file run-v4.tsv (TSV, C-alpha atoms)
chain	number	residue	atom	x	y	z
A	5	MET	CA	-1.85	0.79	29.97
A	6	ILE	CA	-4.15	-1.69	28.22
A	7	SER	CA	-7.88	-1.27	28.76
A	8	ASN	CA	-10.69	-3.76	28.26
A	9	LEU	CA	-8.22	-6.63	28.09
A	10	THR	CA	-7.74	-9.73	30.16
A	11	LEU	CA	-4.21	-11.04	29.73
A	12	SER	CA	-3.79	-14.61	28.76
A	13	PRO	CA	17.68	4.67	-8.51
A	14	LEU	CA	16.88	6.32	-11.69
A	15	PRO	CA	18.52	9.69	-12.75
A	16	ILE	CA	16.40	12.85	-12.70
A	17	THR	CA	15.74	14.24	-16.15
A	18	LYS	CA	14.18	17.44	-17.36
A	19	THR	CA	13.06	15.74	-20.55
A	20	PRO	CA	9.29	15.14	-20.63
A	21	LEU	CA	8.41	11.52	-19.92
A	22	ARG	CA	6.70	11.08	-23.29
A	23	GLU	CA	10.08	11.72	-24.98
A	24	VAL	CA	12.10	9.64	-22.53
A	25	LEU	CA	9.77	6.73	-23.20
A	26	SER	CA	9.70	7.02	-26.98
A	27	PRO	CA	10.83	3.88	-28.89
A	28	ARG	CA	14.37	5.15	-29.37
A	29	TYR	CA	14.88	5.34	-25.59
A	30	VAL	CA	13.13	2.13	-24.54
A	31	PRO	CA	15.08	-1.14	-24.77
A	32	ASN	CA	13.44	-4.38	-25.78
A	33	PRO	CA	10.97	-5.11	-22.99
A	34	THR	CA	11.83	-8.03	-20.76
A	35	PRO	CA	9.36	-9.73	-18.44
A	36	VAL	CA	9.78	-9.24	-14.71
A	37	GLU	CA	8.95	-12.36	-12.73
A	38	VAL	CA	7.28	-11.31	-9.49
A	39	PRO	CA	7.72	-13.95	-6.79
A	40	ARG	CA	4.94	-15.56	-4.86
A	41	THR	CA	4.71	-13.89	-1.45
A	42	LEU	CA	3.03	-16.63	0.58
A	43	PRO	CA	3.93	-20.32	1.00
A	44	LYS	CA	1.51	-22.73	-0.63
A	45	GLU	CA	0.43	-24.17	2.69
A	46	ALA	CA	-0.82	-20.71	3.78
A	47	VAL	CA	-3.37	-20.65	0.97
A	48	THR	CA	-6.58	-22.69	1.23
A	49	SER	CA	-9.55	-23.01	-1.03
A	50	HIS	CA	-12.11	-22.73	1.78
A	51	LEU	CA	-14.07	-19.48	1.67
A	52	THR	CA	-15.91	-19.80	4.94
A	53	TRP	CA	-14.88	-18.39	8.29
A	54	PRO	CA	-16.40	-17.89	11.76
A	55	ALA	CA	-18.98	-15.15	12.20
A	56	GLU	CA	-16.83	-13.37	14.80
A	57	THR	CA	-13.87	-12.97	12.38
A	58	GLU	CA	-12.30	-9.50	12.39
A	59	LEU	CA	-9.07	-10.13	10.44
A	60	LEU	CA	-8.77	-11.90	7.11
A	61	GLY	CA	-6.64	-12.04	3.97
A	62	LEU	CA	-7.81	-13.11	0.50
A	63	VAL	CA	-5.90	-13.68	-2.73
A	64	PHE	CA	-7.52	-13.48	-6.17
A	65	GLU	CA	-6.02	-15.22	-9.17
A	66	VAL	CA	-6.80	-13.28	-12.35
A	67	THR	CA	-5.86	-13.50	-16.02
A	68	PRO	CA	-5.98	-10.93	-18.85
A	69	ARG	CA	-8.10	-11.61	-21.90
A	70	ALA	CA	-5.40	-10.33	-24.25
A	71	ALA	CA	-2.01	-8.60	-24.26
A	72	ASP	CA	-3.60	-5.52	-22.74
A	73	TYR	CA	-1.77	-2.48	-21.41
A	74	LEU	CA	-1.97	-1.09	-17.87
A	75	TYR	CA	-1.16	2.54	-17.15
A	76	ALA	CA	1.54	3.28	-14.60
A	77	GLN	CA	-0.80	4.12	-11.70
A	78	TYR	CA	-3.24	1.29	-12.28
A	79	THR	CA	-3.47	0.64	-8.51
A	80	ILE	CA	-5.74	3.69	-8.38
A	81	GLY	CA	-8.08	1.76	-10.66
A	82	LEU	CA	-7.95	-1.33	-8.44
A	83	HIS	CA	-8.74	0.87	-5.43
A	84	ALA	CA	-11.68	2.54	-7.19
A	85	TRP	CA	-13.05	-0.76	-8.49
A	86	PHE	CA	-12.97	-2.35	-5.04
A	87	LEU	CA	-14.74	0.61	-3.42
A	88	ASP	CA	-17.37	0.51	-6.15
A	89	GLN	CA	-17.98	-3.16	-5.37
A	90	VAL	CA	-18.53	-2.17	-1.73
A	91	ARG	CA	-20.87	0.65	-2.79
A	92	GLN	CA	-23.06	-1.70	-4.80
A	93	SER	CA	-23.39	-4.12	-1.89
A	94	ASP	CA	-23.24	-1.92	1.22
A	95	PRO	CA	-23.69	1.85	0.63
A	96	GLU	CA	-23.29	2.64	4.33
A	97	LEU	CA	-19.93	0.85	4.56
A	98	SER	CA	-18.90	2.47	1.27
A	99	ALA	CA	-19.58	5.95	2.63
A	100	TYR	CA	-17.53	5.16	5.73
A	101	LEU	CA	-14.58	3.87	3.69
A	102	HIS	CA	-14.66	6.98	1.50
A	103	ASP	CA	-15.01	9.51	4.30
A	104	VAL	CA	-12.99	8.11	7.22
A	105	GLN	CA	-10.01	10.34	7.91
A	106	THR	CA	-8.16	7.93	10.19
A	107	GLU	CA	-6.92	4.45	9.31
A	108	LYS	CA	-8.56	2.42	6.53
A	109	PRO	CA	-9.85	-1.01	7.63
A	110	PHE	CA	-8.50	-2.80	4.54
A	111	THR	CA	-5.42	-3.09	2.34
A	112	LEU	CA	-5.00	-3.76	-1.39
A	113	SER	CA	-1.92	-4.97	-3.25
A	114	GLY	CA	-0.87	-4.36	-6.81
A	115	LEU	CA	-0.78	-7.23	-9.30
A	116	GLU	CA	1.85	-9.93	-8.78
A	117	GLY	CA	2.97	-11.83	-11.85
A	118	LYS	CA	4.87	-11.25	-15.10
A	119	LEU	CA	4.66	-7.58	-16.03
A	120	VAL	CA	6.47	-6.16	-19.05
A	121	SER	CA	7.52	-2.51	-19.04
A	122	CYS	CA	6.64	-1.37	-22.53
A	123	GLY	CA	7.05	2.36	-23.19
A	124	LYS	CA	4.67	4.27	-20.97
A	125	ASP	CA	2.62	1.22	-19.91
A	126	PHE	CA	2.80	-2.29	-18.49
A	127	GLN	CA	1.88	-5.08	-20.87
A	128	LEU	CA	-0.05	-8.01	-19.43
A	129	GLN	CA	0.81	-11.48	-20.71
A	130	PRO	CA	-2.06	-13.56	-22.13
A	131	GLY	CA	-2.48	-16.82	-20.27
A	132	GLU	CA	-0.40	-15.57	-17.33
A	133	THR	CA	-1.91	-15.76	-13.84
A	134	TYR	CA	-1.64	-12.65	-11.67
A	135	ARG	CA	-2.36	-12.44	-7.95
A	136	TRP	CA	-4.15	-9.64	-6.15
A	137	TYR	CA	-4.32	-9.51	-2.33
A	138	VAL	CA	-7.08	-7.97	-0.21
A	139	THR	CA	-7.09	-7.88	3.59
A	140	ALA	CA	-9.77	-6.82	6.06
A	141	LEU	CA	-9.10	-5.27	9.48
A	142	SER	CA	-12.63	-4.95	10.86
A	143	LYS	CA	-15.74	-7.08	11.18
A	144	PRO	CA	-17.86	-4.91	8.83
A	145	VAL	CA	-15.33	-5.35	6.01
A	146	VAL	CA	-15.03	-9.08	6.73
A	147	GLN	CA	-18.82	-9.38	6.59
A	148	PHE	CA	-18.85	-7.57	3.24
A	149	LEU	CA	-16.22	-9.96	1.89
A	150	GLN	CA	-18.26	-12.95	3.09
A	151	GLN	CA	-21.23	-11.88	0.99
A	152	TRP	CA	-19.13	-10.60	-1.91
A	153	VAL	CA	-17.21	-13.83	-2.54
A	154	LYS	CA	-20.52	-15.68	-2.92
A	155	GLN	CA	-21.36	-13.62	-6.00
A	156	LEU	CA	-18.08	-12.35	-7.40
A	157	PRO	CA	-18.19	-10.55	-10.74
A	158	GLU	CA	-16.52	-12.30	-13.65
A	159	THR	CA	-13.99	-9.56	-14.24
A	160	ILE	CA	-12.08	-6.76	-12.54
A	161	ALA	CA	-12.86	-3.78	-14.75
A	162	LEU	CA	-9.59	-1.90	-15.14
A	163	ARG	CA	-9.26	0.79	-17.79
A	164	LYS	CA	-8.67	-0.95	-21.16
A	165	ALA	CA	-7.47	-4.11	-19.36
A	166	PRO	CA	-10.27	-6.25	-17.88
A	167	LEU	CA	-9.02	-9.13	-15.75
A	168	GLU	CA	-10.97	-12.38	-15.45
A	169	ILE	CA	-11.28	-13.67	-11.88
A	170	LYS	CA	-10.28	-17.34	-11.91
A	171	SER	CA	-10.23	-18.09	-8.19
A	172	CYS	CA	-10.41	-16.59	-4.73
A	173	LYS	CA	-8.70	-18.20	-1.74
A	174	ILE	CA	-7.85	-17.41	1.86
A	175	SER	CA	-4.28	-16.13	2.05
A	176	ILE	CA	-4.07	-15.14	5.75
A	177	ALA	CA	-6.05	-17.11	8.32
A	178	PRO	CA	-9.27	-15.60	9.73
A	179	THR	CA	-9.04	-14.59	13.37
A	180	THR	CA	-10.02	-11.92	15.90
A	181	TYR	CA	-7.89	-9.35	17.69
A	182	ARG	CA	-8.30	-11.09	21.05
A	183	GLN	CA	-7.42	-14.45	19.56
A	184	LEU	CA	-4.35	-12.96	17.94
A	185	PHE	CA	-3.21	-11.47	21.24
A	186	ALA	CA	-3.93	-14.60	23.26
A	187	SER	CA	-2.08	-16.87	20.83
A	188	GLN	CA	1.31	-15.21	21.31
A	189	GLU	CA	3.84	-17.24	23.28
A	190	MET	CA	6.51	-15.47	25.29
A	191	ASN	CA	9.34	-17.36	23.60
A	192	PHE	CA	11.79	-14.47	23.48
A	193	SER	CA	12.60	-15.10	19.82
A	194	THR	CA	13.23	-12.43	17.25
A	195	LEU	CA	10.61	-11.04	14.88
A	196	GLN	CA	11.44	-11.14	11.18
A	197	LEU	CA	9.47	-9.07	8.67
A	198	SER	CA	9.77	-8.86	4.88
A	199	PHE	CA	8.65	-5.61	3.24
A	200	MET	CA	7.65	-6.70	-0.26
A	201	THR	CA	6.60	-3.35	-1.75
A	202	PRO	CA	7.91	0.19	-1.10
A	203	THR	CA	7.22	1.14	2.50
A	204	SER	CA	7.38	4.64	3.94
A	205	PHE	CA	6.17	6.70	6.90
A	206	ARG	CA	5.04	10.29	7.23
A	207	ARG	CA	7.38	12.23	9.50
A	208	LYS	CA	7.29	16.01	9.84
A	209	LYS	CA	5.26	16.23	6.59
A	210	HIS	CA	7.87	14.29	4.61
A	211	HIS	CA	8.48	10.68	3.64
A	212	PHE	CA	10.70	8.71	6.02
A	213	PRO	CA	12.00	5.57	4.26
A	214	LEU	CA	13.63	3.70	7.17
A	215	PRO	CA	12.24	0.92	9.42
A	216	VAL	CA	13.00	2.64	12.71
A	217	PRO	CA	11.23	0.51	15.37
A	218	ALA	CA	9.15	3.40	16.74
A	219	ASN	CA	7.82	4.19	13.25
A	220	VAL	CA	7.12	0.56	12.36
A	221	PHE	CA	5.27	-0.31	15.57
A	222	HIS	CA	3.47	3.02	15.76
A	223	SER	CA	2.12	2.20	12.29
A	224	TYR	CA	0.69	-1.09	13.58
A	225	LEU	CA	-0.52	0.39	16.87
A	226	ARG	CA	-2.60	3.08	15.16
A	227	ARG	CA	-4.58	0.45	13.27
A	228	TRP	CA	-4.78	-1.79	16.35
A	229	ASN	CA	-6.25	1.01	18.46
A	230	ASP	CA	-8.72	1.98	15.73
A	231	PHE	CA	-10.17	-1.48	15.12
A	232	SER	CA	-9.35	-3.93	17.93
A	233	GLY	CA	-11.50	-2.51	20.73
A	234	MET	CA	-8.48	-3.02	23.04
A	235	ASN	CA	-6.97	0.41	23.48
A	236	ILE	CA	-3.22	0.68	24.10
A	237	ASP	CA	-1.60	3.74	25.66
A	238	ARG	CA	0.37	5.01	22.68
A	239	ASP	CA	2.93	7.14	24.52
A	240	LEU	CA	3.80	4.45	27.07
A	241	PHE	CA	4.12	1.73	24.45
A	242	LEU	CA	6.26	3.83	22.09
A	243	LYS	CA	8.53	4.79	24.99
A	244	TRP	CA	8.92	1.08	25.71
A	245	VAL	CA	9.66	0.44	22.01
A	246	GLU	CA	12.37	3.11	22.02
A	247	GLU	CA	14.04	1.47	25.02
A	248	SER	CA	13.44	-2.20	24.25
A	249	VAL	CA	13.18	-2.96	20.52
A	250	LEU	CA	16.42	-3.52	18.62
A	251	ILE	CA	17.31	-4.16	14.98
A	252	HIS	CA	19.45	-7.30	14.82
A	253	ARG	CA	20.02	-7.30	11.05
A	254	HIS	CA	18.57	-5.95	7.84
A	255	GLU	CA	18.83	-6.11	4.07
A	256	LEU	CA	17.22	-3.00	2.59
A	257	GLN	CA	17.13	-0.95	-0.56
A	258	SER	CA	15.39	2.34	-1.30
A	259	ALA	CA	12.86	2.94	-4.04
A	260	LYS	CA	10.77	5.77	-5.44
A	261	VAL	CA	7.30	5.08	-6.73
A	262	ALA	CA	4.22	6.99	-7.81
A	263	ALA	CA	1.54	5.82	-5.41
A	264	GLY	CA	-1.92	6.93	-4.41
A	265	LYS	CA	-3.83	9.59	-6.26
A	266	LYS	CA	-1.04	12.15	-6.40
A	267	GLY	CA	2.56	12.71	-5.53
A	268	MET	CA	5.39	10.20	-5.18
A	269	VAL	CA	6.77	8.18	-2.30
A	270	THR	CA	10.34	7.42	-1.29
A	271	GLY	CA	10.28	4.09	0.47
A	272	PHE	CA	12.26	0.94	1.24
A	273	THR	CA	11.91	-2.75	0.51
A	274	GLY	CA	13.71	-5.69	2.06
A	275	LEU	CA	14.10	-7.60	5.29
A	276	VAL	CA	14.41	-6.63	8.96
A	277	GLU	CA	14.91	-8.74	12.06
A	278	PHE	CA	13.74	-7.11	15.30
A	279	GLY	CA	14.66	-8.28	18.78
A	280	LEU	CA	14.18	-7.24	22.39
A	281	SER	CA	16.58	-5.97	25.02
A	282	ARG	CA	17.04	-7.72	28.37
A	283	GLN	CA	14.95	-5.03	30.08
A	284	SER	CA	11.92	-5.56	27.84
A	285	GLY	CA	10.41	-8.16	30.20
A	286	GLU	CA	9.86	-5.52	32.85
A	287	VAL	CA	6.55	-4.76	31.07
A	288	PRO	CA	5.29	-8.21	30.00
A	289	GLU	CA	2.08	-6.79	28.49
A	290	PHE	CA	4.13	-4.78	26.01
A	291	GLU	CA	6.43	-7.71	25.30
A	292	ARG	CA	3.41	-9.80	24.32
A	293	LEU	CA	2.03	-6.87	22.32
A	294	PHE	CA	5.33	-6.63	20.40
A	295	TYR	CA	4.91	-10.19	19.09
A	296	THR	CA	1.19	-9.66	18.52
A	297	LEU	CA	1.75	-6.60	16.34
A	298	GLY	CA	4.32	-8.55	14.35
A	299	GLN	CA	1.64	-11.17	13.59
A	300	PHE	CA	-0.77	-8.32	12.81
A	301	ALA	CA	1.58	-6.79	10.21
A	302	PRO	CA	0.59	-9.01	7.23
A	303	TYR	CA	-3.06	-8.07	7.76
A	304	CYS	CA	-2.60	-4.30	8.13
A	305	GLY	CA	0.51	-3.58	6.06
A	306	THR	CA	3.19	-1.11	7.10
A	307	GLY	CA	3.36	2.67	6.74
A	308	HIS	CA	1.03	4.71	4.57
A	309	LYS	CA	-0.85	4.23	1.27
A	310	THR	CA	-1.46	0.55	2.03
A	311	THR	CA	-4.75	0.68	0.11
A	312	PHE	CA	-2.74	1.52	-3.04
A	313	GLY	CA	-0.29	-1.38	-2.89
A	314	LEU	CA	2.45	0.05	-0.66
A	315	GLY	CA	3.71	-1.51	2.56
A	316	GLN	CA	2.86	-5.13	1.72
A	317	THR	CA	4.41	-7.05	4.62
A	318	ARG	CA	5.09	-10.76	5.21
A	319	LEU	CA	6.25	-12.67	8.25
A	320	GLY	CA	9.66	-14.28	8.17
A	321	TRP	CA	12.99	-13.69	6.50
A	322	SER	CA	11.75	-14.27	2.96
A	323	VAL	CA	14.12	-16.00	0.57
A	324	GLU	CA	12.21	-14.32	-2.23
A	325	GLU	CA	13.30	-10.91	-3.41
A	326	ALA	CA	11.09	-7.88	-2.93
A	327	ILE	CA	8.57	-7.36	-5.71
A	328	PRO	CA	10.40	-5.48	-8.51
A	329	ILE	CA	9.22	-1.99	-9.37
A	330	PRO	CA	8.74	-1.74	-13.15
A	331	SER	CA	10.87	1.06	-14.61
A	332	ILE	CA	7.90	3.16	-15.69
A	333	GLN	CA	6.72	3.57	-12.09
A	334	GLY	CA	10.16	4.67	-10.97
A	335	MET	CA	10.47	7.15	-13.83
A	336	LEU	CA	7.02	8.58	-13.16
A	337	ALA	CA	7.88	8.97	-9.47
A	338	GLU	CA	11.14	10.74	-10.30
A	339	ARG	CA	9.35	13.11	-12.66
A	340	ILE	CA	6.61	13.92	-10.14
A	341	GLY	CA	9.21	14.58	-7.45
A	342	GLU	CA	11.26	16.81	-9.75
A	343	LEU	CA	8.23	18.84	-10.83
A	344	THR	CA	6.92	19.13	-7.26
A	345	GLU	CA	10.15	20.72	-6.05
A	346	LEU	CA	10.24	23.02	-9.08
A	347	PHE	CA	6.68	24.27	-8.48
A	348	ILE	CA	7.26	24.73	-4.74
A	349	GLY	CA	10.39	26.74	-5.51
A	350	GLN	CA	8.38	29.10	-7.74
A	351	ARG	CA	5.76	29.89	-5.11
A	352	LYS	CA	6.19	33.07	-3.08
A	353	ARG	CA	4.87	31.35	0.04
A	354	LYS	CA	6.71	28.04	0.06
A	355	GLY	CA	5.74	26.78	3.50
A	356	GLY	CA	2.63	24.97	4.68
A	357	ASP	CA	0.66	21.96	3.58
A	358	ARG	CA	-1.39	23.90	1.05
A	359	ALA	CA	1.61	24.92	-1.05
A	360	ARG	CA	2.95	21.36	-1.19
A	361	GLU	CA	-0.48	19.91	-1.93
A	362	ILE	CA	-0.97	22.23	-4.91
A	363	ALA	CA	2.55	21.56	-6.17
A	364	GLU	CA	2.05	17.76	-5.93
A	365	THR	CA	-1.28	18.01	-7.75
A	366	TRP	CA	0.20	20.07	-10.59
A	367	ALA	CA	3.20	17.75	-10.80
A	368	THR	CA	1.06	14.61	-10.92
A	369	ILE	CA	-1.21	15.97	-13.63
A	370	LEU	CA	1.64	17.24	-15.80
A	371	ALA	CA	3.76	14.08	-15.44
A	372	ARG	CA	0.82	11.87	-16.39
A	373	ARG	CA	-0.01	14.13	-19.34
A	374	GLU	CA	3.59	13.73	-20.51
A	375	LEU	CA	2.92	9.99	-20.53
A	376	GLY	CA	0.06	10.60	-22.93
A	377	GLU	CA	-2.82	10.05	-20.49
A	378	SER	CA	-6.00	11.97	-21.20
A	379	LEU	CA	-7.22	14.74	-18.92
A	380	GLN	CA	-10.49	12.84	-18.59
A	381	ALA	CA	-8.71	9.74	-17.28
A	382	ILE	CA	-6.62	11.80	-14.86
A	383	SER	CA	-9.73	13.63	-13.69
A	384	SER	CA	-11.43	10.31	-12.97
A	385	ASP	CA	-8.47	8.90	-11.02
A	386	LEU	CA	-7.99	12.05	-8.94
A	387	GLN	CA	-11.75	12.44	-8.43
A	388	MET	CA	-11.47	16.07	-9.49
A	389	PRO	CA	-13.70	18.05	-11.90
A	390	TYR	CA	-12.46	17.88	-15.48
A	391	GLN	CA	-12.28	21.65	-15.83
A	392	THR	CA	-10.19	21.91	-12.67
A	393	VAL	CA	-7.73	19.32	-13.97
A	394	LYS	CA	-7.59	21.12	-17.32
A	395	THR	CA	-6.84	24.44	-15.61
A	396	TYR	CA	-4.15	22.89	-13.41
A	397	ALA	CA	-2.52	21.32	-16.47
A	398	LYS	CA	-2.34	24.73	-18.17
A	399	LEU	CA	-0.92	26.40	-15.07
A	400	ALA	CA	1.65	23.64	-14.66
A	401	ARG	CA	2.82	23.89	-18.28
A	402	ARG	CA	3.05	27.66	-17.93
A	403	ALA	CA	5.10	27.33	-14.74
A	404	LEU	CA	7.38	24.79	-16.39
A	405	LYS	CA	8.18	27.23	-19.20
A	406	VAL	CA	9.12	29.84	-16.63
call {"tool": "encode", "arguments": {"input": "run-v4.tsv", "output": "structure tokens"}}
result
Amino acid sequence: MISNLTLSPLPITKTPLREVLSPRYVPNPTPVEVPRTLPKEAVTSHLTWPAETELLGLVFEVTPRAADYLYAQYTIGLHAWFLDQVRQSDPELSAYLHDVQTEKPFTLSGLEGKLVSCGKDFQLQPGETYRWYVTALSKPVVQFLQQWVKQLPETIALRKAPLEIKSCKISIAPTTYRQLFASQEMNFSTLQLSFMTPTSFRRKKHHFPLPVPANVFHSYLRRWNDFSGMNIDRDLFLKWVEESVLIHRHELQSAKVAAGKKGMVTGFTGLVEFGLSRQSGEVPEFERLFYTLGQFAPYCGTGHKTTFGLGQTRLGWSVEEAIPIPSIQGMLAERIGELTELFIGQRKRKGGDRAREIAETWATILARRELGESLQAISSDLQMPYQTVKTYAKLARRALKV
């Protein structure tokens, strides 16, 4: 079973977003205080770790230079900036991170701090400190971070909103996969997880916004098998999860958000307490793995699009609320979802991944154009030729008129 291991909601509207977000529709903006997601004692100022480290979490404290504005899908910019930093330092690792079709060996959060929804943008507060989390799930990424933090750039170059890097600290302790597994005690306690940002799974080509144990632990197992070097039999473990893992309590709410390069995600935020049945001890290796994957969750995140800020996960039953989703993100997600279904409904051949992919692309481009974003900016974010984006925008507008 285990090889190479020695045990020890907003309403849908047909009104274009530009009109919905005009001054007469937008109330006076109020700041949203985003809570700190880690206890102070979990953050240290030491930026050294053992050479064998495979898992690590960092937090950057950044400040804006002025009351700049961030566009709704600014996490795409954070993702692109980080990958460009890798490219400049390690082209081979950069190519791997761009091209790998399986799990990504890192996660990125959005910005945590006071954000003001102001029309079609977020307004950053001068003098306010924002936090940005980066985690690494493999030794090559950890090694990149080790060199990178020694010569960090002064700013994170986001479109029209540069952020000055004030500090970088360890947020999740450095360790290895074997150390993580060996450190778990068989104490038969429950496992509490807090899902701080919208979390969702892909199931039968659709979003599945519920923390069903098999989905949650399959999410962790995929990353574990990809990067740990300790392969777990997926089918046997998931069968054990189905029979042994229980949900003792939960406090959840659903959310829609525009995430990644295109499309929208229906997810959940909140708290879940998992436990084990009396029969779980019949396979002690899996019982230990259950607790190990729980400790692994803050490093790897939960569900999909974890490199664009989704699925940020913390240990414990957090007294803090989930990170609020600014209204503009929810409205953009609703609009993309509405347009996607409209475009799919107009296609003669509605089935298949290709039809949905085209519909999501058209919907994303049109919704962002309604927010006033330039085709050039959208082209850059989607990494698509400008002329292609321009053509898709025309086709989408034409389809909308129909």
call {"tool": "closest_atom_pairs", "arguments": {"input": "run-v4.tsv", "of": "range 58-126 of chain A", "to": "range 200-203 of chain A", "cutoff": "12 Å", "atoms": "all atoms listed in the file", "output": "JSON lines"}}
result
{"residue": "A:Leu112", "atom": "CA", "partner": "A:Thr201", "partner_atom": "CA", "distance": 11.6}
{"residue": "A:Ser113", "atom": "CA", "partner": "A:Thr201", "partner_atom": "CA", "distance": 8.8}
{"residue": "A:Gly114", "atom": "CA", "partner": "A:Thr201", "partner_atom": "CA", "distance": 9.1}
{"residue": "A:Leu115", "atom": "CA", "partner": "A:Thr201", "partner_atom": "CA", "distance": 11.2}
{"residue": "A:Glu116", "atom": "CA", "partner": "A:Thr201", "partner_atom": "CA", "distance": 10.7}
call {"tool": "closest_residue", "arguments": {"input": "run-v4.tsv", "among": "A:Val104, A:Leu275, A:Leu250, A:Leu297", "to": "Phe185 in chain A", "atoms": "all atoms listed in the file"}}
result
A:Leu297
call {"tool": "atom_distance", "arguments": {"input": "run-v4.tsv", "atom1": "CA of Trp228 in chain A", "atom2": "CA of Tyr181 in chain A"}}
result
8.3 Å
call {"tool": "closest_residue", "arguments": {"input": "run-v4.tsv", "among": "A:Trp136, A:Phe110, A:Tyr396, A:Trp244", "to": "Val287 in chain A", "atoms": "all atoms listed in the file"}}
result
A:Trp244
call {"tool": "closest_residue", "arguments": {"input": "run-v4.tsv", "among": "A:Ile340, A:Ala161, A:Leu149, A:Ala84", "to": "Val66 in chain A", "atoms": "all atoms listed in the file"}}
result
A:Ala161
call {"tool": "closest_residue", "arguments": {"input": "run-v4.tsv", "among": "A:Tyr73, A:Phe126, A:Phe221, A:Phe231", "to": "Pro144 in chain A", "atoms": "all atoms listed in the file"}}
result
A:Phe231
call {"tool": "atom_distance", "arguments": {"input": "run-v4.tsv", "atom1": "CA of Gly117 in chain A", "atom2": "CA of Leu167 in chain A"}}
result
12.9 Å
call {"tool": "decode", "arguments": {"input": "run-v4.tsv", "residues": "range 216-239 of chain A", "atoms": "C-alpha atoms", "output": "PDB file, in the first residue's frame"}}
result
ATOM      1  CA  VAL A 216     -16.641  15.604   1.207  1.00  0.00           C
ATOM      2  CA  PRO A 217     -13.788  13.632   2.869  1.00  0.00           C
ATOM      3  CA  ALA A 218     -12.897  11.686  -0.289  1.00  0.00           C
ATOM      4  CA  ASN A 219     -12.514  14.927  -2.270  1.00  0.00           C
ATOM      5  CA  VAL A 220     -10.539  16.714   0.442  1.00  0.00           C
ATOM      6  CA  PHE A 221      -8.055  13.901   1.076  1.00  0.00           C
ATOM      7  CA  HIS A 222      -7.751  12.970  -2.590  1.00  0.00           C
ATOM      8  CA  SER A 223      -6.701  16.586  -3.161  1.00  0.00           C
ATOM      9  CA  TYR A 224      -3.894  16.215  -0.616  1.00  0.00           C
ATOM     10  CA  LEU A 225      -2.929  12.716  -1.755  1.00  0.00           C
ATOM     11  CA  ARG A 226      -2.386  13.799  -5.372  1.00  0.00           C
ATOM     12  CA  ARG A 227       0.193  16.363  -4.285  1.00  0.00           C
ATOM     13  CA  TRP A 228       1.730  13.942  -1.778  1.00  0.00           C
ATOM     14  CA  ASN A 229       2.222  11.272  -4.431  1.00  0.00           C
ATOM     15  CA  ASP A 230       3.657  13.784  -6.910  1.00  0.00           C
ATOM     16  CA  PHE A 231       6.289  15.289  -4.616  1.00  0.00           C
ATOM     17  CA  SER A 232       6.953  13.145  -1.530  1.00  0.00           C
ATOM     18  CA  GLY A 233       8.714  10.171  -3.123  1.00  0.00           C
ATOM     19  CA  MET A 234       6.532   7.938  -0.908  1.00  0.00           C
ATOM     20  CA  ASN A 235       3.837   6.590  -3.183  1.00  0.00           C
ATOM     21  CA  ILE A 236       0.435   5.766  -1.687  1.00  0.00           C
ATOM     22  CA  ASP A 237      -2.046   3.428  -3.368  1.00  0.00           C
ATOM     23  CA  ARG A 238      -4.767   5.912  -4.252  1.00  0.00           C
ATOM     24  CA  ASP A 239      -7.681   3.498  -4.643  1.00  0.00           C
TER      25      ASP A 239
END
